[in-house]
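What's in coords.txt: compact mmCIF, C-alpha atoms
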# COMPACT_ATOMS: atom_id res chain seq x y z
CA MET A 171 14.14 25.76 14.26
CA ALA A 172 15.13 24.06 11.06
CA ILE A 173 13.72 21.74 8.45
CA LEU A 174 15.83 18.60 8.39
CA GLU A 175 16.67 16.51 5.36
CA ILE A 176 14.52 13.37 5.02
CA LEU A 177 16.50 10.23 4.26
CA LYS A 178 15.11 8.31 1.28
CA LEU A 179 15.24 4.66 0.31
CA PRO A 180 17.84 3.13 -0.30
CA ASP A 181 19.77 5.09 2.36
CA SER A 182 21.26 2.37 4.57
CA ARG A 183 20.67 4.42 7.75
CA LEU A 184 16.93 3.66 7.35
CA LYS A 185 17.78 0.01 8.06
CA GLU A 186 19.58 0.69 11.35
CA ILE A 187 18.16 0.00 14.80
CA ALA A 188 17.84 3.22 16.78
CA GLU A 189 19.18 3.64 20.33
CA GLU A 190 17.26 4.52 23.48
CA VAL A 191 17.20 8.17 24.52
CA THR A 192 18.88 8.72 27.89
CA ALA A 193 19.31 12.52 28.07
CA PHE A 194 16.07 14.54 28.28
CA ASP A 195 17.79 17.89 27.83
CA ASP A 196 17.47 21.12 25.83
CA GLU A 197 19.28 19.59 22.90
CA LEU A 198 16.61 16.86 22.71
CA HIS A 199 13.81 19.42 22.88
CA SER A 200 15.39 21.51 20.16
CA PHE A 201 15.70 18.42 17.95
CA ILE A 202 12.03 17.51 18.58
CA SER A 203 11.00 21.02 17.42
CA ASP A 204 12.98 20.54 14.23
CA LEU A 205 11.53 17.06 13.71
CA GLU A 206 7.97 18.40 14.03
CA GLU A 207 8.73 21.28 11.66
CA THR A 208 10.09 18.72 9.18
CA ARG A 209 6.96 16.54 9.50
CA LEU A 210 4.72 19.51 8.77
CA ASP A 211 6.83 20.71 5.86
CA GLY A 212 6.19 17.79 3.49
CA PRO A 213 3.05 16.16 2.15
CA ALA A 214 0.49 15.62 4.90
CA ALA A 215 2.43 13.18 7.10
CA VAL A 216 0.67 11.92 10.23
CA GLY A 217 3.94 10.72 11.68
CA ILE A 218 7.70 10.93 11.58
CA ALA A 219 10.54 9.05 13.27
CA ALA A 220 13.96 10.43 14.18
CA THR A 221 15.53 7.73 12.03
CA GLN A 222 14.02 9.40 8.95
CA VAL A 223 16.23 12.45 9.47
CA GLY A 224 19.32 10.40 10.27
CA ARG A 225 19.21 10.64 14.06
CA LEU A 226 19.30 7.04 15.24
CA GLN A 227 17.44 7.55 18.49
CA ARG A 228 14.05 6.24 19.59
CA ILE A 229 11.88 9.33 19.08
CA VAL A 230 8.62 9.53 17.10
CA ILE A 231 5.87 12.08 16.57
CA ILE A 232 2.35 11.14 15.50
CA ASP A 233 -0.72 13.31 15.03
CA CYS A 234 -3.93 11.75 13.71
CA SER A 235 -6.17 14.67 14.71
CA ASN A 236 -6.43 16.01 11.17
CA THR A 237 -7.63 13.13 8.95
CA ARG A 238 -10.33 13.58 6.27
CA LYS A 239 -12.70 11.47 8.32
CA PRO A 240 -12.12 11.94 12.05
CA VAL A 241 -10.60 8.88 13.77
CA PRO A 242 -10.05 8.08 17.45
CA ASN A 243 -6.78 9.76 18.44
CA HIS A 244 -4.76 11.30 21.26
CA GLY A 245 -3.86 14.50 19.42
CA ARG A 246 -0.23 15.22 18.76
CA LEU A 247 2.06 12.85 20.63
CA VAL A 248 5.81 13.12 20.97
CA LEU A 249 6.90 9.69 22.16
CA VAL A 250 10.38 8.92 23.39
CA ASN A 251 11.53 5.30 23.72
CA PRO A 252 8.08 4.02 22.67
CA GLU A 253 7.40 0.36 23.17
CA ILE A 254 4.39 -1.58 21.94
CA THR A 255 3.40 -3.97 24.70
CA GLU A 256 0.19 -5.52 23.35
CA TRP A 257 -1.23 -6.22 19.90
CA ASP A 258 -4.75 -7.27 18.97
CA GLY A 259 -6.50 -7.99 15.68
CA PHE A 260 -5.46 -7.45 12.07
CA GLU A 261 -6.34 -4.75 9.60
CA LEU A 262 -5.26 -4.10 6.03
CA GLY A 263 -4.56 -0.47 5.14
CA ARG A 264 -2.77 1.65 2.62
CA GLU A 265 0.47 3.35 3.60
CA GLY A 266 3.05 5.63 2.13
CA CYS A 267 6.17 7.14 3.62
CA LEU A 268 8.18 10.36 3.45
CA SER A 269 11.23 8.14 2.93
CA VAL A 270 9.65 6.28 -0.03
CA PRO A 271 8.33 8.95 -2.42
CA ASP A 272 5.80 8.16 -5.16
CA TYR A 273 4.66 4.82 -3.77
CA THR A 274 1.81 3.54 -1.62
CA GLY A 275 0.88 -0.03 -0.80
CA ASN A 276 -1.12 -2.29 1.47
CA VAL A 277 0.21 -3.37 4.84
CA ILE A 278 -1.32 -5.52 7.60
CA ARG A 279 -1.12 -3.97 11.07
CA ALA A 280 -2.57 -4.75 14.46
CA GLU A 281 -5.96 -3.12 14.98
CA LYS A 282 -5.43 -2.27 18.64
CA ILE A 283 -2.22 -1.76 20.57
CA LYS A 284 -0.98 -0.71 23.98
CA VAL A 285 2.05 1.54 24.08
CA LYS A 286 4.48 2.55 26.82
CA ALA A 287 6.55 5.65 26.19
CA MET A 288 8.13 8.68 27.75
CA ASP A 289 7.37 12.28 26.97
CA PRO A 290 10.14 14.77 26.08
CA ALA A 291 10.64 15.50 29.79
CA GLY A 292 11.22 11.82 30.55
CA LEU A 293 7.87 11.14 32.21
CA ALA A 294 6.46 7.69 31.47
CA SER A 295 2.91 7.12 30.29
CA GLU A 296 0.80 4.48 28.60
CA TYR A 297 -1.66 4.68 25.74
CA GLU A 298 -4.27 2.48 24.15
CA MET A 299 -4.59 3.10 20.44
CA GLU A 300 -6.82 1.71 17.72
CA GLY A 301 -7.27 1.85 13.96
CA PHE A 302 -5.51 4.59 12.06
CA GLU A 303 -3.60 5.95 15.07
CA ALA A 304 -2.42 2.44 16.01
CA ARG A 305 -1.30 1.98 12.39
CA ALA A 306 0.64 5.27 12.47
CA LEU A 307 2.44 4.33 15.67
CA GLN A 308 3.35 0.87 14.33
CA HIS A 309 4.68 2.47 11.13
CA GLU A 310 6.88 4.87 13.14
CA VAL A 311 8.13 2.29 15.65
CA ASP A 312 9.09 0.15 12.66
CA HIS A 313 11.38 2.99 11.53
CA LEU A 314 13.15 2.80 14.90
CA ASP A 315 13.75 -0.88 14.24
CA GLY A 316 15.06 -0.29 10.72
CA ILE A 317 11.90 -1.53 9.00
CA LEU A 318 10.07 0.29 6.19
CA PHE A 319 6.46 -0.33 5.13
CA VAL A 320 7.79 -1.70 1.84
CA ASP A 321 9.30 -4.54 3.91
CA ARG A 322 5.76 -5.46 4.98
CA LEU A 323 3.83 -5.08 1.72
CA VAL A 324 1.14 -7.58 0.90
CA SER A 325 -0.46 -8.23 -2.46
CA ARG A 326 -3.75 -6.57 -3.24
CA ARG A 327 -5.12 -10.10 -3.55
CA THR A 328 -3.93 -11.17 -0.12
CA ASP A 329 -6.77 -12.04 2.18
CA LEU A 330 -6.46 -11.16 5.79
CA PHE A 331 -5.56 -14.18 7.84
CA GLN A 332 -8.71 -14.81 9.81
CA ARG A 333 -7.48 -15.83 13.20
CA LYS A 334 -11.01 -15.99 14.52
CA VAL A 335 -11.74 -19.27 12.72
CA TYR A 336 -9.17 -20.99 14.93
CA ARG A 337 -9.99 -21.93 18.47
CA LYS A 338 -8.10 -23.38 21.36
CA GLY A 339 -7.46 -27.03 20.74
CA GLY A 340 -7.38 -26.63 16.96
CA ALA A 341 -9.70 -25.59 14.19
CA GLN A 342 -13.28 -26.68 14.54
CA LYS A 343 -14.37 -29.08 11.87
CA THR A 344 -17.86 -28.74 10.57
CA MET B 255 13.27 7.31 -22.31
CA ASP B 256 10.77 6.07 -24.88
CA TRP B 257 8.47 3.42 -23.47
CA GLN B 258 6.61 0.61 -25.18
CA MET B 259 3.91 -1.60 -23.65
CA LEU B 260 4.72 -5.28 -24.00
CA THR B 261 1.86 -7.74 -23.46
CA LEU B 262 2.45 -11.47 -23.22
CA VAL B 263 -0.27 -14.11 -22.85
CA GLY B 264 0.01 -17.88 -22.83
CA GLU B 265 -0.28 -21.10 -20.88
CA ASP B 266 1.23 -20.62 -17.42
CA GLN B 267 4.38 -22.44 -16.39
CA PRO B 268 7.22 -21.69 -13.96
CA GLY B 269 10.11 -19.60 -15.31
CA ILE B 270 8.34 -17.39 -17.85
CA VAL B 271 9.16 -14.08 -16.15
CA ALA B 272 12.79 -15.08 -15.66
CA GLN B 273 13.30 -16.04 -19.31
CA VAL B 274 11.45 -13.06 -20.76
CA THR B 275 13.16 -10.48 -18.56
CA ASP B 276 16.56 -12.05 -19.21
CA ALA B 277 15.96 -11.72 -22.96
CA LEU B 278 14.99 -8.07 -22.46
CA TYR B 279 18.05 -7.41 -20.33
CA GLN B 280 20.39 -9.11 -22.80
CA SER B 281 18.90 -6.95 -25.58
CA GLY B 282 19.55 -3.73 -23.64
CA PHE B 283 15.99 -2.92 -22.55
CA ASN B 284 14.88 -1.58 -19.17
CA LEU B 285 11.69 -2.40 -17.28
CA GLY B 286 9.35 0.25 -15.88
CA GLU B 287 6.12 -0.67 -14.12
CA THR B 288 4.85 -4.19 -14.70
CA SER B 289 1.83 -6.23 -13.71
CA MET B 290 1.54 -10.01 -13.97
CA ILE B 291 -1.42 -12.10 -12.98
CA ARG B 292 -2.89 -15.52 -13.73
CA LEU B 293 -6.31 -15.25 -15.34
CA GLY B 294 -8.20 -18.46 -15.93
CA GLY B 295 -4.95 -20.40 -15.65
CA ASN B 296 -3.24 -18.24 -18.25
CA PHE B 297 -0.05 -16.35 -17.70
CA THR B 298 -0.62 -12.66 -18.48
CA ILE B 299 1.79 -9.80 -18.09
CA MET B 300 2.01 -6.19 -19.16
CA MET B 301 5.36 -4.48 -18.94
CA MET B 302 6.60 -0.98 -19.63
CA VAL B 303 9.75 -1.64 -21.61
CA GLY B 304 12.15 1.11 -22.58
CA SER B 305 15.65 1.82 -23.71
CA ALA B 306 17.83 4.90 -23.63
CA GLN B 307 19.10 4.29 -27.14
CA ALA B 308 17.42 2.66 -30.08
CA GLN B 309 17.91 -1.07 -29.59
CA GLY B 310 16.32 -2.34 -32.75
CA ASP B 311 13.17 -4.32 -33.22
CA LEU B 312 12.00 -5.63 -29.84
CA THR B 313 9.44 -7.97 -31.39
CA ARG B 314 12.12 -9.74 -33.39
CA GLN B 315 14.49 -9.94 -30.42
CA LEU B 316 11.82 -11.53 -28.23
CA ALA B 317 10.48 -13.87 -30.92
CA PRO B 318 12.67 -16.86 -29.96
CA VAL B 319 11.77 -16.82 -26.27
CA ALA B 320 8.08 -16.14 -26.98
CA GLU B 321 7.96 -19.04 -29.40
CA LYS B 322 9.77 -21.38 -27.01
CA LEU B 323 7.33 -20.54 -24.19
CA GLY B 324 4.24 -20.51 -26.42
CA LEU B 325 3.42 -16.88 -25.65
CA GLN B 326 1.43 -14.46 -27.78
CA LEU B 327 3.30 -11.20 -27.94
CA HIS B 328 1.91 -7.74 -28.52
CA LEU B 329 3.82 -4.47 -28.53
CA ASP B 330 2.53 -0.89 -28.61
CA PRO B 331 4.37 2.41 -28.45
CA ILE B 332 2.94 4.40 -25.54
CA ARG B 333 3.05 7.87 -24.18
CA GLY B 334 3.52 8.13 -20.46
CA ALA B 335 6.28 7.92 -17.96
CA LEU B 336 7.23 6.65 -14.53
CA HIS B 337 6.33 8.54 -11.33
CA GLN B 338 2.72 9.10 -12.40
CA HIS B 339 1.11 7.27 -9.47
CA ARG B 340 -2.20 8.52 -8.16
CA VAL B 341 -3.30 7.61 -4.68
CA PRO B 342 -6.82 6.15 -4.47
CA ASN B 343 -9.23 7.68 -1.96
CA PHE B 344 -12.15 5.25 -2.34
CA GLN B 345 -12.60 1.50 -2.46
CA VAL B 346 -15.64 -0.20 -3.93
CA ARG B 347 -16.41 -3.84 -3.22
CA VAL B 348 -19.04 -5.90 -4.99
CA ASN B 349 -20.01 -9.46 -4.35
CA GLY B 350 -22.93 -11.70 -4.99
CA ALA B 351 -24.36 -14.29 -7.31
CA ASP B 352 -22.70 -14.05 -10.71
CA ARG B 353 -24.84 -12.58 -13.43
CA ALA B 354 -24.46 -10.54 -16.58
CA GLY B 355 -23.91 -6.80 -16.42
CA ILE B 356 -22.58 -6.31 -12.89
CA VAL B 357 -19.34 -4.67 -13.98
CA ALA B 358 -21.04 -2.46 -16.54
CA ARG B 359 -23.64 -1.25 -14.06
CA VAL B 360 -21.28 -0.54 -11.19
CA THR B 361 -18.60 1.13 -13.29
CA GLY B 362 -21.28 3.03 -15.21
CA VAL B 363 -22.50 4.63 -11.99
CA LEU B 364 -18.91 5.40 -10.95
CA ALA B 365 -18.13 6.99 -14.31
CA VAL B 366 -21.08 9.36 -13.94
CA CYS B 367 -19.61 10.38 -10.56
CA GLY B 368 -16.28 11.23 -12.21
CA PHE B 369 -14.66 8.28 -10.46
CA ASN B 370 -11.26 7.40 -11.94
CA ILE B 371 -10.65 3.64 -11.57
CA LEU B 372 -6.99 3.08 -10.68
CA GLU B 373 -7.14 -0.63 -9.89
CA LEU B 374 -9.82 -3.18 -10.65
CA GLU B 375 -9.82 -6.87 -9.94
CA SER B 376 -12.68 -9.24 -10.43
CA ASP B 377 -13.04 -12.93 -10.03
CA VAL B 378 -15.65 -15.62 -10.35
CA VAL B 379 -15.36 -17.98 -7.40
CA GLY B 380 -17.65 -20.42 -5.63
CA THR B 381 -18.66 -23.49 -7.61
CA GLU B 382 -19.76 -24.13 -11.19
CA GLN B 383 -23.30 -24.66 -9.96
CA GLU B 384 -23.31 -21.54 -7.82
CA PRO B 385 -20.77 -19.06 -9.15
CA VAL B 386 -20.08 -16.04 -6.97
CA TYR B 387 -18.80 -12.79 -8.33
CA ILE B 388 -16.28 -10.68 -6.40
CA MET B 389 -14.89 -7.35 -7.54
CA THR B 390 -12.73 -4.77 -5.83
CA ILE B 391 -12.09 -1.34 -7.27
CA GLN B 392 -9.77 1.32 -5.95
CA GLY B 393 -9.93 4.77 -7.42
CA TYR B 394 -9.97 8.48 -7.08
CA SER B 395 -13.01 10.73 -6.99
CA GLU B 396 -13.68 14.29 -5.90
CA SER B 397 -17.20 13.20 -4.91
CA THR B 398 -18.11 12.80 -1.27
CA LEU B 399 -18.66 9.40 0.29
CA GLU B 400 -22.32 10.26 0.78
CA SER B 401 -22.90 11.07 -2.90
CA LEU B 402 -21.11 7.88 -4.04
CA GLU B 403 -23.17 5.86 -1.58
CA ALA B 404 -26.36 7.46 -2.84
CA ALA B 405 -25.47 6.78 -6.47
CA LEU B 406 -24.48 3.16 -5.82
CA GLY B 407 -27.51 2.70 -3.56
CA GLU B 408 -29.70 2.54 -6.64
CA LEU B 409 -27.90 -0.68 -7.60
CA LYS B 410 -28.68 -2.24 -4.25
CA ALA B 411 -32.33 -1.95 -5.18
CA LYS B 412 -31.44 -4.08 -8.22
CA ASP B 413 -29.92 -6.76 -5.97
CA ILE B 414 -26.27 -5.89 -6.51
CA ASP B 415 -24.42 -5.93 -3.20
CA VAL B 416 -22.04 -3.00 -3.45
CA HIS B 417 -20.10 -1.18 -0.71
CA VAL B 418 -18.01 1.94 -0.96
CA SER B 419 -15.55 3.02 1.72
CA PRO B 420 -12.98 5.80 1.96
CA ILE B 421 -9.29 4.93 1.86
CA GLU B 422 -7.23 7.09 4.19
CA THR B 423 -3.64 6.52 3.11
CA LEU B 424 -1.27 6.84 6.01
CA ILE B 425 1.87 8.84 5.25
CA GLY B 426 4.49 8.41 7.95
Represent the supplied structure as structure tokens.
Amino acid sequence: MAILEILKLPDSRLKEIAEEVTAFDDELHSFISDLEETRLDGPAAVGIAATQVGRLQRIVIIDCSNTRKPVPNHGRLVLVNPEITEWDGFELGREGCLSVPDYTGNVIRAEKIKVKAMDPAGLASEYEMEGFEARALQHEVDHLDGILFVDRLVSRRTDLFQRKVYRKGGAQKT
Amino acid sequence: MDWQMLTLVGEDQPGIVAQVTDALYQSGFNLGETSMIRLGGNFTIMMMVGSAQAQGDLTRQLAPVAEKLGLQLHLDPIRGALHQHRVPNFQVRVNGADRAGIVARVTGVLAVCGFNILELESDVVGTEQEPVYIMTIQGYSESTLESLEAALGELKAKDIDVHVSPIETLIG
């Protein structure tokens, strides 16, 4: 077990696209233990991606079971090769990041998502997530694609784009 | 680094920020945190401006560009430093028909609750005949959601539509 060094902006490795995991071996499991220990070491992080410790592989951990106000969640999830397959709705929320110290800002994320992923043993499963947990997963999957939340910031004055006012065949005129 | 707070106000036009910050850069000053917004069609900006070494009189060095752009300039020495961000844990939203005293009443209740306002924005929208007031506040308080709701609930009885919600900042 070891606490790994967190890469910080502007480290260029944070902008890289991570590779799929193909070997579900002891070395992977040992790395996952270190990654979890690293997540728990810092300020209360609900998620961490392998990219943040300089390992450019598609591995994330999220755990939304310990928020101030309880939110719907699946407990601690170690997700290998996660893939978001469906997005629904928009929600504005405040985010920070272990890789961007001393800064928080507003980001628009999908409200509900469906996720396909493997567990550390290589078994595939699917999840439906909403709200805070969906936000956490989107934040971590972004890391695997070389995207930080600061790349998605919106102004405090930005209104959410209200898709609901549009209907098939164009906006209704009143 | 010693910081000063530079405030500039004037009629808005494209290119103000570029010209002002270029003048600061050419004079050897650094920028810290800044905030610019249009208020009632006016350009307004506040900037933390600092320099490692004494660079002379900033007011005099900015006078030409301020005069050219028609900006009122104000400069204050400040205490304070970078990396002092606090993360808000509550948001308060107010909206309704515009009338006198809304801000004072809402923020008065929050102050009694020990609520530290970190960001406040308010606007009068709607039409001239029917102005609508919108305010959002983000801040930090040790109080519980329930006690803030109870305190602000008294305003609802006075016809001020006010909502408080927790902000759970995601760190990932």
Among listed residues B:Glu265, B:Asp413, B:Glu403, B:Glu373, nearest chain A (using all atoms listed in the file): B:Glu373
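Using only C-alpha atoms for every distance, the candidate list A:Asn251, A:Ser200, A:Ser325, A:Ser295 yields A:Ser325 as the residue closest to chain B.
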Contact table chain A vs chain B, cut-off 9 Å, shortest pair per residue, all atoms listed in the file, as CSV:
residue,atom,partner,partner_atom,distance
A:Arg209,CA,B:Gly426,CA,8.6
A:Pro213,CA,B:Ile425,CA,8.0
A:Ala214,CA,B:Ile425,CA,6.9
A:Ala215,CA,B:Ile425,CA,4.8
A:Val216,CA,B:Gly426,CA,5.7
A:Gly217,CA,B:Gly426,CA,4.4
A:Ile218,CA,B:Gly426,CA,5.5
A:Ala219,CA,B:Gly426,CA,8.1
A:Ile232,CA,B:Gly426,CA,8.3
A:Thr237,CA,B:Glu422,CA,7.7
A:Arg238,CA,B:Glu422,CA,7.5
A:Lys239,CA,B:Glu422,CA,8.1
A:Gly263,CA,B:Thr423,CA,7.3
A:Arg264,CA,B:Thr423,CA,5.0
A:Glu265,CA,B:Leu424,CA,4.6
A:Gly266,CA,B:Ile425,CA,4.6
A:Cys267,CA,B:Gly426,CA,4.8
A:Leu268,CA,B:Gly426,CA,6.1
A:Ser269,CA,B:Gly426,CA,8.4
A:Asp272,CA,B:His337,CA,6.2
A:Tyr273,CA,B:His339,CA,7.1
A:Thr274,CA,B:Val341,CA,7.2
A:Gly275,CA,B:Thr423,CA,8.9
A:Phe302,CA,B:Leu424,CA,7.7
A:Arg305,CA,B:Leu424,CA,8.0
A:Ala306,CA,B:Gly426,CA,6.7
A:Leu307,CA,B:Gly426,CA,9.0
A:His309,CA,B:Gly426,CA,6.7
A:Glu310,CA,B:Gly426,CA,6.7
A:Arg327,CA,B:Glu375,CA,8.6
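With only C-alpha atoms as the atoms that count, the residue of B:Gly393, B:Phe283, B:Leu323, B:Gln258 with the shortest distance to B:Val271 is B:Leu323.
Residues in contact range of A:Glu298, defined as at most 7 Å between only C-alpha atoms, with sequence neighbours fewer than 5 positions away removed, read A:Ile283, A:Lys284, A:Val285.
Computed from the coordinates, the atom CA of B:Ser401 to atom CA of B:Val386 distance equals 27.6 Å.
Taking atom CA of A:Leu205 and atom CA of A:His244 as the two end points, the separation is 18.9 Å.
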Would you please work out which residue, of A:Leu226, A:Leu249, A:Met288, A:Ala304, is nearest to A:Lys185 when using all atoms listed in the file? A:Leu226
Looking at B:Gln280, B:Gly295, B:Gly286, B:Leu409, which one is nearest to B:Gly355, with distances taken over only C-alpha atoms? B:Leu409
For each of A:Leu247, A:Val311, A:Val320, A:Ile176, take the minimum atom-to-atom distance to A:Val223, counting all atoms listed in the file, then give the residue where this is smallest. A:Ile176
Separation of atom CA of B:Val360 from atom CA of B:Val346 in Å: 9.2 Å
Distance query A:Ile173 at most 10 Å, all atoms listed in the file, self and fewer than 4 positions along chain excluded, as a compact mmCIF listing (two decimals) with C-alpha atoms, keeping the file's coordinate frame:
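New file result_6.txt:
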# COMPACT_ATOMS: atom_id res chain seq x y z
CA SER A 203 11.00 21.02 17.42
CA ASP A 204 12.98 20.54 14.23
CA LEU A 205 11.53 17.06 13.71
CA GLU A 206 7.97 18.40 14.03
CA GLU A 207 8.73 21.28 11.66
CA THR A 208 10.09 18.72 9.18
CA ARG A 209 6.96 16.54 9.50
CA LEU A 210 4.72 19.51 8.77
CA ASP A 211 6.83 20.71 5.86
CA GLY A 212 6.19 17.79 3.49
CA VAL A 223 16.23 12.45 9.47
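Residues in contact with B:Gly324 at 9 Å, where all atoms listed in the file are counted and same-chain residues fewer than 5 positions away are skipped, are listed as Val263, Gly264, Glu265 and Val319 of chain B.
By chain and then residue number, the residues within 9 Å of A:His199 are Phe194, Asp204, Pro290 and Ala291 of chain A, counting all atoms listed in the file and disregarding those fewer than 5 positions away in sequence.
Around B:Lys410, within 12 Å and counting only C-alpha atoms, the residues found are Val348, Asn349, Gly350, Ile356, Arg359, Val360, Glu403, Ala404, Ala405, Asp415, Val416, His417 and Val418 of chain B, once anything fewer than 5 positions away on its own chain is removed.
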Based on the selection just made, write C-alpha atoms of those residues as a PDB file, in the coordinates of the input.
ATOM      1  CA  VAL B 348     -19.040  -5.900  -4.990  1.00  0.00           C
ATOM      2  CA  ASN B 349     -20.010  -9.460  -4.350  1.00  0.00           C
ATOM      3  CA  GLY B 350     -22.930 -11.700  -4.990  1.00  0.00           C
ATOM      4  CA  ILE B 356     -22.580  -6.310 -12.890  1.00  0.00           C
ATOM      5  CA  ARG B 359     -23.640  -1.250 -14.060  1.00  0.00           C
ATOM      6  CA  VAL B 360     -21.280  -0.540 -11.190  1.00  0.00           C
ATOM      7  CA  GLU B 403     -23.170   5.860  -1.580  1.00  0.00           C
ATOM      8  CA  ALA B 404     -26.360   7.460  -2.840  1.00  0.00           C
ATOM      9  CA  ALA B 405     -25.470   6.780  -6.470  1.00  0.00           C
ATOM     10  CA  ASP B 415     -24.420  -5.930  -3.200  1.00  0.00           C
ATOM     11  CA  VAL B 416     -22.040  -3.000  -3.450  1.00  0.00           C
ATOM     12  CA  HIS B 417     -20.100  -1.180  -0.710  1.00  0.00           C
ATOM     13  CA  VAL B 418     -18.010   1.940  -0.960  1.00  0.00           C
TER      14      VAL B 418
END
Output stretch 223-237 of chain A with N, CA and C atoms present, as a PDB file, in the coordinates of the input.
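Saved file part-v3.pdb follows:
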ATOM      1  N   VAL A 223      15.349  11.301   9.711  1.00  0.00           N
ATOM      2  CA  VAL A 223      16.230  12.450   9.470  1.00  0.00           C
ATOM      3  C   VAL A 223      17.661  12.120   9.886  1.00  0.00           C
ATOM      4  N   GLY A 224      17.932  10.824  10.044  1.00  0.00           N
ATOM      5  CA  GLY A 224      19.320  10.400  10.270  1.00  0.00           C
ATOM      6  C   GLY A 224      19.776  10.461  11.715  1.00  0.00           C
ATOM      7  N   ARG A 225      18.847  10.668  12.632  1.00  0.00           N
ATOM      8  CA  ARG A 225      19.210  10.640  14.060  1.00  0.00           C
ATOM      9  C   ARG A 225      18.733   9.306  14.609  1.00  0.00           C
ATOM     10  N   LEU A 226      19.668   8.421  14.911  1.00  0.00           N
ATOM     11  CA  LEU A 226      19.300   7.040  15.240  1.00  0.00           C
ATOM     12  C   LEU A 226      18.982   6.897  16.721  1.00  0.00           C
ATOM     13  N   GLN A 227      17.926   7.614  17.114  1.00  0.00           N
ATOM     14  CA  GLN A 227      17.440   7.550  18.490  1.00  0.00           C
ATOM     15  C   GLN A 227      15.940   7.297  18.482  1.00  0.00           C
ATOM     16  N   ARG A 228      15.439   6.695  19.568  1.00  0.00           N
ATOM     17  CA  ARG A 228      14.050   6.240  19.590  1.00  0.00           C
ATOM     18  C   ARG A 228      13.101   7.381  19.954  1.00  0.00           C
ATOM     19  N   ILE A 229      12.768   8.169  18.941  1.00  0.00           N
ATOM     20  CA  ILE A 229      11.880   9.330  19.080  1.00  0.00           C
ATOM     21  C   ILE A 229      10.910   9.316  17.903  1.00  0.00           C
ATOM     22  N   VAL A 230       9.594   9.404  18.188  1.00  0.00           N
ATOM     23  CA  VAL A 230       8.620   9.530  17.100  1.00  0.00           C
ATOM     24  C   VAL A 230       7.598  10.612  17.439  1.00  0.00           C
ATOM     25  N   ILE A 231       7.002  11.163  16.395  1.00  0.00           N
ATOM     26  CA  ILE A 231       5.870  12.080  16.570  1.00  0.00           C
ATOM     27  C   ILE A 231       4.722  11.525  15.740  1.00  0.00           C
ATOM     28  N   ILE A 232       3.529  11.454  16.311  1.00  0.00           N
ATOM     29  CA  ILE A 232       2.350  11.140  15.500  1.00  0.00           C
ATOM     30  C   ILE A 232       1.244  12.147  15.825  1.00  0.00           C
ATOM     31  N   ASP A 233       0.410  12.403  14.844  1.00  0.00           N
ATOM     32  CA  ASP A 233      -0.720  13.310  15.030  1.00  0.00           C
ATOM     33  C   ASP A 233      -1.828  12.921  14.053  1.00  0.00           C
ATOM     34  N   CYS A 234      -2.836  12.229  14.558  1.00  0.00           N
ATOM     35  CA  CYS A 234      -3.930  11.750  13.710  1.00  0.00           C
ATOM     36  C   CYS A 234      -5.191  12.585  13.944  1.00  0.00           C
ATOM     37  N   SER A 235      -5.011  13.840  14.371  1.00  0.00           N
ATOM     38  CA  SER A 235      -6.170  14.670  14.710  1.00  0.00           C
ATOM     39  C   SER A 235      -6.714  15.412  13.483  1.00  0.00           C
ATOM     40  N   ASN A 236      -6.081  15.198  12.331  1.00  0.00           N
ATOM     41  CA  ASN A 236      -6.430  16.010  11.170  1.00  0.00           C
ATOM     42  C   ASN A 236      -6.718  15.168   9.923  1.00  0.00           C
ATOM     43  N   THR A 237      -7.335  13.984  10.105  1.00  0.00           N
ATOM     44  CA  THR A 237      -7.630  13.130   8.950  1.00  0.00           C
ATOM     45  C   THR A 237      -8.920  13.605   8.274  1.00  0.00           C
TER      46      THR A 237
END
